[in-house]
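Q: This is the structure I have questions about; it appears just below.
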Amino acid sequence: MASYKIHVQQKEKVLHSIAAALRTAVTVTLRHEKKKPPIEITLLLTDDDQLKSLNKTYRGIDAATDVLSFAPGEAMPGMEADEAYLGDIVISVPTAEKQAKQGEHSLKAELQLLTVHGTLHLLGFDHEQPEEKDRMWWTQASILAQLGAEISGPPEDAES
């Protein structure tokens, strides 16, 4: 039976139980959106410097951020694209820690939110337009409730 493959790489270490909760967050998001295996995703837990560098390189914004998602690139000439590979999610653990403290919830809850958010971006969700944002925030809240997370989404005034 095919399954989801969720790779968690930790430049910034978190508890094993939190890493397991993030794998579950990806799985629940994929199931919520009725995406069937095989699907593979890499989740990188890293620092602000790496997120700032990636944000500048790929979005032209010279600042750290909490989460970025990267769909797989073009296949090399003569190679077939790996349709099972959905992409990469990169999360800044220090930023997540700050946001958790500000929101008065656990690091686990913040990382679950960011993981679900990044996975939804890989699935084509966006929040640039009000109707897109409403759909994404509703879906995110539904998934976080399914996970039993402490929070249902970002603060109302959050731009990301």
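A note on labels: chains of the structure tokens are A, B, ... as shown, every chain counts residues from 1, and ligands are counted from 1 in their shown order.
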Kindly provide the residues of stretch 74-152 of chain A that approach stretch 36-48 of chain A to within 9 Å, each paired with its closest atom pair and their distance in Å to one decimal, based on only C-alpha atoms, listed by chain and increasing number, as a tab-separated table.

A:
residue	atom	partner	partner_atom	distance
A:Glu83	CA	A:Ile39	CA	8.1
A:Ala84	CA	A:Ile39	CA	4.5
A:Tyr85	CA	A:Glu40	CA	4.7
A:Leu86	CA	A:Ile41	CA	5.6
A:Gly87	CA	A:Ile41	CA	5.3
A:Asp88	CA	A:Thr42	CA	4.8
A:Ile89	CA	A:Leu43	CA	4.8
A:Val90	CA	A:Leu44	CA	4.7
A:Ile91	CA	A:Leu45	CA	5.1
A:Ser92	CA	A:Asp47	CA	4.8
A:Val93	CA	A:Asp47	CA	5.9
A:Pro94	CA	A:Asp47	CA	6.1
A:Thr95	CA	A:Asp48	CA	6.8
A:Thr115	CA	A:Leu43	CA	8.0
A:Thr119	CA	A:Ile41	CA	8.6

Q: Counting only C-alpha atoms, what is within 7 Å of stretch 63-65 of chain A, bar same-chain residues fewer than 3 positions away, as a VMD selection string?

A: chain A and resid 48 to 49 51 to 52 55 to 56

Q: So that I can see what lies close to A:Trp138, please list as a list in words the residues with an atom at most 12 Å from it, counting only C-alpha atoms and leaving out residues fewer than 6 positions away in the same chain.

A: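 Listing them by chain and then by number gives Val116, His117, Leu120, Phe125, His127, Glu131, Glu132, Leu144, Ala145, Ser152, Gly153 and Pro154 of chain A.
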
Q: Since we have the selection now, will you write its residues out, keeping N, CA, C and O atoms, as a short mmCIF file (atom, residue, chain, number, x, y, z; two decimals), in the first residue's frame?

A:
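The resulting file, part-v3.cif, is reproduced below:
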data_model
loop_
_atom_site.label_atom_id
_atom_site.label_comp_id
_atom_site.auth_asym_id
_atom_site.auth_seq_id
_atom_site.Cartn_x
_atom_site.Cartn_y
_atom_site.Cartn_z
N VAL A 116 0.82 23.23 8.29
CA VAL A 116 -0.44 23.14 7.53
C VAL A 116 -0.46 24.25 6.48
O VAL A 116 -0.79 24.01 5.31
N HIS A 117 -0.08 25.46 6.87
CA HIS A 117 -0.06 26.61 5.95
C HIS A 117 0.85 26.34 4.75
O HIS A 117 0.46 26.52 3.60
N LEU A 120 -0.63 23.66 2.45
CA LEU A 120 -1.72 24.21 1.62
C LEU A 120 -1.16 25.02 0.46
O LEU A 120 -1.70 24.95 -0.66
N PHE A 125 -3.07 26.60 -2.68
CA PHE A 125 -3.80 27.65 -1.95
C PHE A 125 -2.95 28.91 -1.90
O PHE A 125 -1.73 28.85 -1.92
N HIS A 127 -3.29 33.41 -0.45
CA HIS A 127 -4.06 34.35 0.36
C HIS A 127 -3.80 35.79 -0.06
O HIS A 127 -3.87 36.70 0.75
N GLU A 131 -10.95 36.59 -1.22
CA GLU A 131 -11.69 35.32 -1.34
C GLU A 131 -10.76 34.12 -1.22
O GLU A 131 -11.12 33.10 -0.65
N GLU A 132 -9.53 34.25 -1.74
CA GLU A 132 -8.53 33.18 -1.58
C GLU A 132 -8.16 33.03 -0.11
O GLU A 132 -8.04 31.92 0.41
N LEU A 144 -6.55 22.28 11.49
CA LEU A 144 -6.00 22.44 12.83
C LEU A 144 -6.98 21.90 13.89
O LEU A 144 -6.56 21.29 14.87
N ALA A 145 -8.28 22.07 13.67
CA ALA A 145 -9.27 21.52 14.59
C ALA A 145 -9.21 19.99 14.55
O ALA A 145 -9.29 19.33 15.59
N SER A 152 -6.29 27.97 15.94
CA SER A 152 -7.00 27.67 14.70
C SER A 152 -6.45 28.43 13.51
O SER A 152 -6.88 28.23 12.39
N GLY A 153 -5.48 29.31 13.74
CA GLY A 153 -4.91 30.06 12.63
C GLY A 153 -4.09 31.23 13.16
O GLY A 153 -3.95 31.40 14.36
N PRO A 154 -3.57 32.02 12.23
CA PRO A 154 -2.76 33.17 12.63
C PRO A 154 -3.65 34.25 13.24
O PRO A 154 -4.87 34.24 13.04
#

Q: Excluding stretch 21-28 of chain A and any residue of its chain fewer than 6 positions from it, enumerate the residues within 8 Å of it, using only C-alpha atoms, and give them as a ChimeraX atom specification.

A: /A:4,6-8,108,111-112,115-116,119,143,146-147

Q: Can those selected residues be exported to a file as a compact mmCIF listing (two decimals), in the first residue's frame so that it contains all heavy atoms?

A:
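This is the output file part_32.txt:
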# COMPACT_ATOMS: atom_id res chain seq x y z
N TYR A 4 2.24 8.31 2.29
CA TYR A 4 2.91 9.60 2.20
C TYR A 4 4.30 9.46 2.77
O TYR A 4 4.52 8.74 3.74
CB TYR A 4 2.15 10.66 3.00
CG TYR A 4 0.71 10.85 2.60
CD1 TYR A 4 -0.31 10.62 3.49
CD2 TYR A 4 0.38 11.29 1.32
CE1 TYR A 4 -1.64 10.81 3.14
CE2 TYR A 4 -0.94 11.47 0.94
CZ TYR A 4 -1.94 11.24 1.86
OH TYR A 4 -3.25 11.43 1.50
N ILE A 6 7.05 11.87 4.38
CA ILE A 6 7.30 13.20 4.89
C ILE A 6 8.66 13.18 5.58
O ILE A 6 8.85 12.52 6.59
CB ILE A 6 6.20 13.65 5.87
CG1 ILE A 6 4.85 13.69 5.13
CG2 ILE A 6 6.50 15.04 6.43
CD1 ILE A 6 3.82 12.83 5.74
N HIS A 7 9.61 13.88 4.98
CA HIS A 7 10.97 13.94 5.50
C HIS A 7 11.11 15.21 6.34
O HIS A 7 10.84 16.30 5.84
CB HIS A 7 11.99 13.99 4.37
CG HIS A 7 11.80 12.89 3.36
ND1 HIS A 7 12.22 11.61 3.58
CD2 HIS A 7 11.19 12.89 2.15
CE1 HIS A 7 11.91 10.86 2.54
NE2 HIS A 7 11.28 11.62 1.66
N VAL A 8 11.51 15.07 7.59
CA VAL A 8 11.74 16.22 8.45
C VAL A 8 13.25 16.35 8.66
O VAL A 8 13.87 15.46 9.22
CB VAL A 8 11.01 16.10 9.80
CG1 VAL A 8 11.31 17.32 10.68
CG2 VAL A 8 9.51 15.94 9.60
N LYS A 108 4.78 23.80 19.59
CA LYS A 108 4.16 22.74 18.79
C LYS A 108 2.96 23.28 18.01
O LYS A 108 2.84 23.03 16.81
CB LYS A 108 3.73 21.59 19.70
CG LYS A 108 2.98 20.49 18.96
CD LYS A 108 2.51 19.42 19.93
CE LYS A 108 1.54 18.47 19.28
NZ LYS A 108 0.98 17.51 20.24
N LEU A 111 4.15 25.55 15.17
CA LEU A 111 4.76 24.77 14.08
C LEU A 111 3.70 23.97 13.31
O LEU A 111 3.81 23.81 12.09
CB LEU A 111 5.86 23.87 14.62
CG LEU A 111 7.13 24.59 15.09
CD1 LEU A 111 8.06 23.63 15.80
CD2 LEU A 111 7.84 25.28 13.93
N GLN A 112 2.67 23.50 14.00
CA GLN A 112 1.57 22.81 13.31
C GLN A 112 0.89 23.77 12.34
O GLN A 112 0.63 23.43 11.19
CB GLN A 112 0.54 22.27 14.30
CG GLN A 112 0.96 21.03 15.04
CD GLN A 112 -0.05 20.62 16.09
OE1 GLN A 112 -0.46 21.43 16.93
NE2 GLN A 112 -0.47 19.37 16.04
N THR A 115 3.14 24.42 9.38
CA THR A 115 3.24 23.23 8.54
C THR A 115 1.99 23.08 7.68
O THR A 115 2.07 22.81 6.47
CB THR A 115 3.48 21.98 9.41
OG1 THR A 115 4.72 22.15 10.10
CG2 THR A 115 3.53 20.72 8.57
N VAL A 116 0.82 23.23 8.29
CA VAL A 116 -0.44 23.14 7.53
C VAL A 116 -0.46 24.25 6.48
O VAL A 116 -0.79 24.01 5.31
CB VAL A 116 -1.66 23.24 8.47
CG1 VAL A 116 -2.96 23.42 7.68
CG2 VAL A 116 -1.74 22.00 9.37
N THR A 119 1.90 23.42 3.62
CA THR A 119 1.37 22.31 2.82
C THR A 119 0.24 22.81 1.92
O THR A 119 0.17 22.45 0.73
CB THR A 119 0.88 21.16 3.73
OG1 THR A 119 1.95 20.75 4.58
CG2 THR A 119 0.42 19.97 2.89
N ILE A 143 -8.45 21.99 9.41
CA ILE A 143 -7.39 20.99 9.58
C ILE A 143 -6.80 21.07 10.99
O ILE A 143 -6.60 20.04 11.65
CB ILE A 143 -6.29 21.17 8.51
CG1 ILE A 143 -6.87 20.85 7.13
CG2 ILE A 143 -5.07 20.31 8.81
CD1 ILE A 143 -6.04 21.36 5.97
N GLN A 146 -9.07 19.43 13.36
CA GLN A 146 -8.95 17.97 13.21
C GLN A 146 -7.73 17.45 13.96
O GLN A 146 -7.75 16.36 14.52
CB GLN A 146 -8.83 17.64 11.72
CG GLN A 146 -9.56 16.41 11.30
CD GLN A 146 -9.46 16.20 9.79
OE1 GLN A 146 -9.33 17.13 8.99
NE2 GLN A 146 -9.51 14.96 9.40
N LEU A 147 -6.66 18.23 13.98
CA LEU A 147 -5.43 17.86 14.67
C LEU A 147 -5.55 18.05 16.19
O LEU A 147 -4.70 17.57 16.93
CB LEU A 147 -4.25 18.70 14.17
CG LEU A 147 -3.73 18.39 12.78
CD1 LEU A 147 -2.80 19.50 12.30
CD2 LEU A 147 -3.02 17.04 12.76

Q: A:Ser69, A:Lys13, A:Ala96, A:Arg59: which is nearest A:Gly124, counting only C-alpha atoms?

A: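 Closest residue, counting only C-alpha atoms: A:Ser69.
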
Q: Which value, in Å to one decimal, gives the distance between atom CA of A:Asp66 and atom CA of A:Gln99?

A: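 Result for atom CA of A:Asp66 versus atom CA of A:Gln99: 8.8 Å, one decimal.
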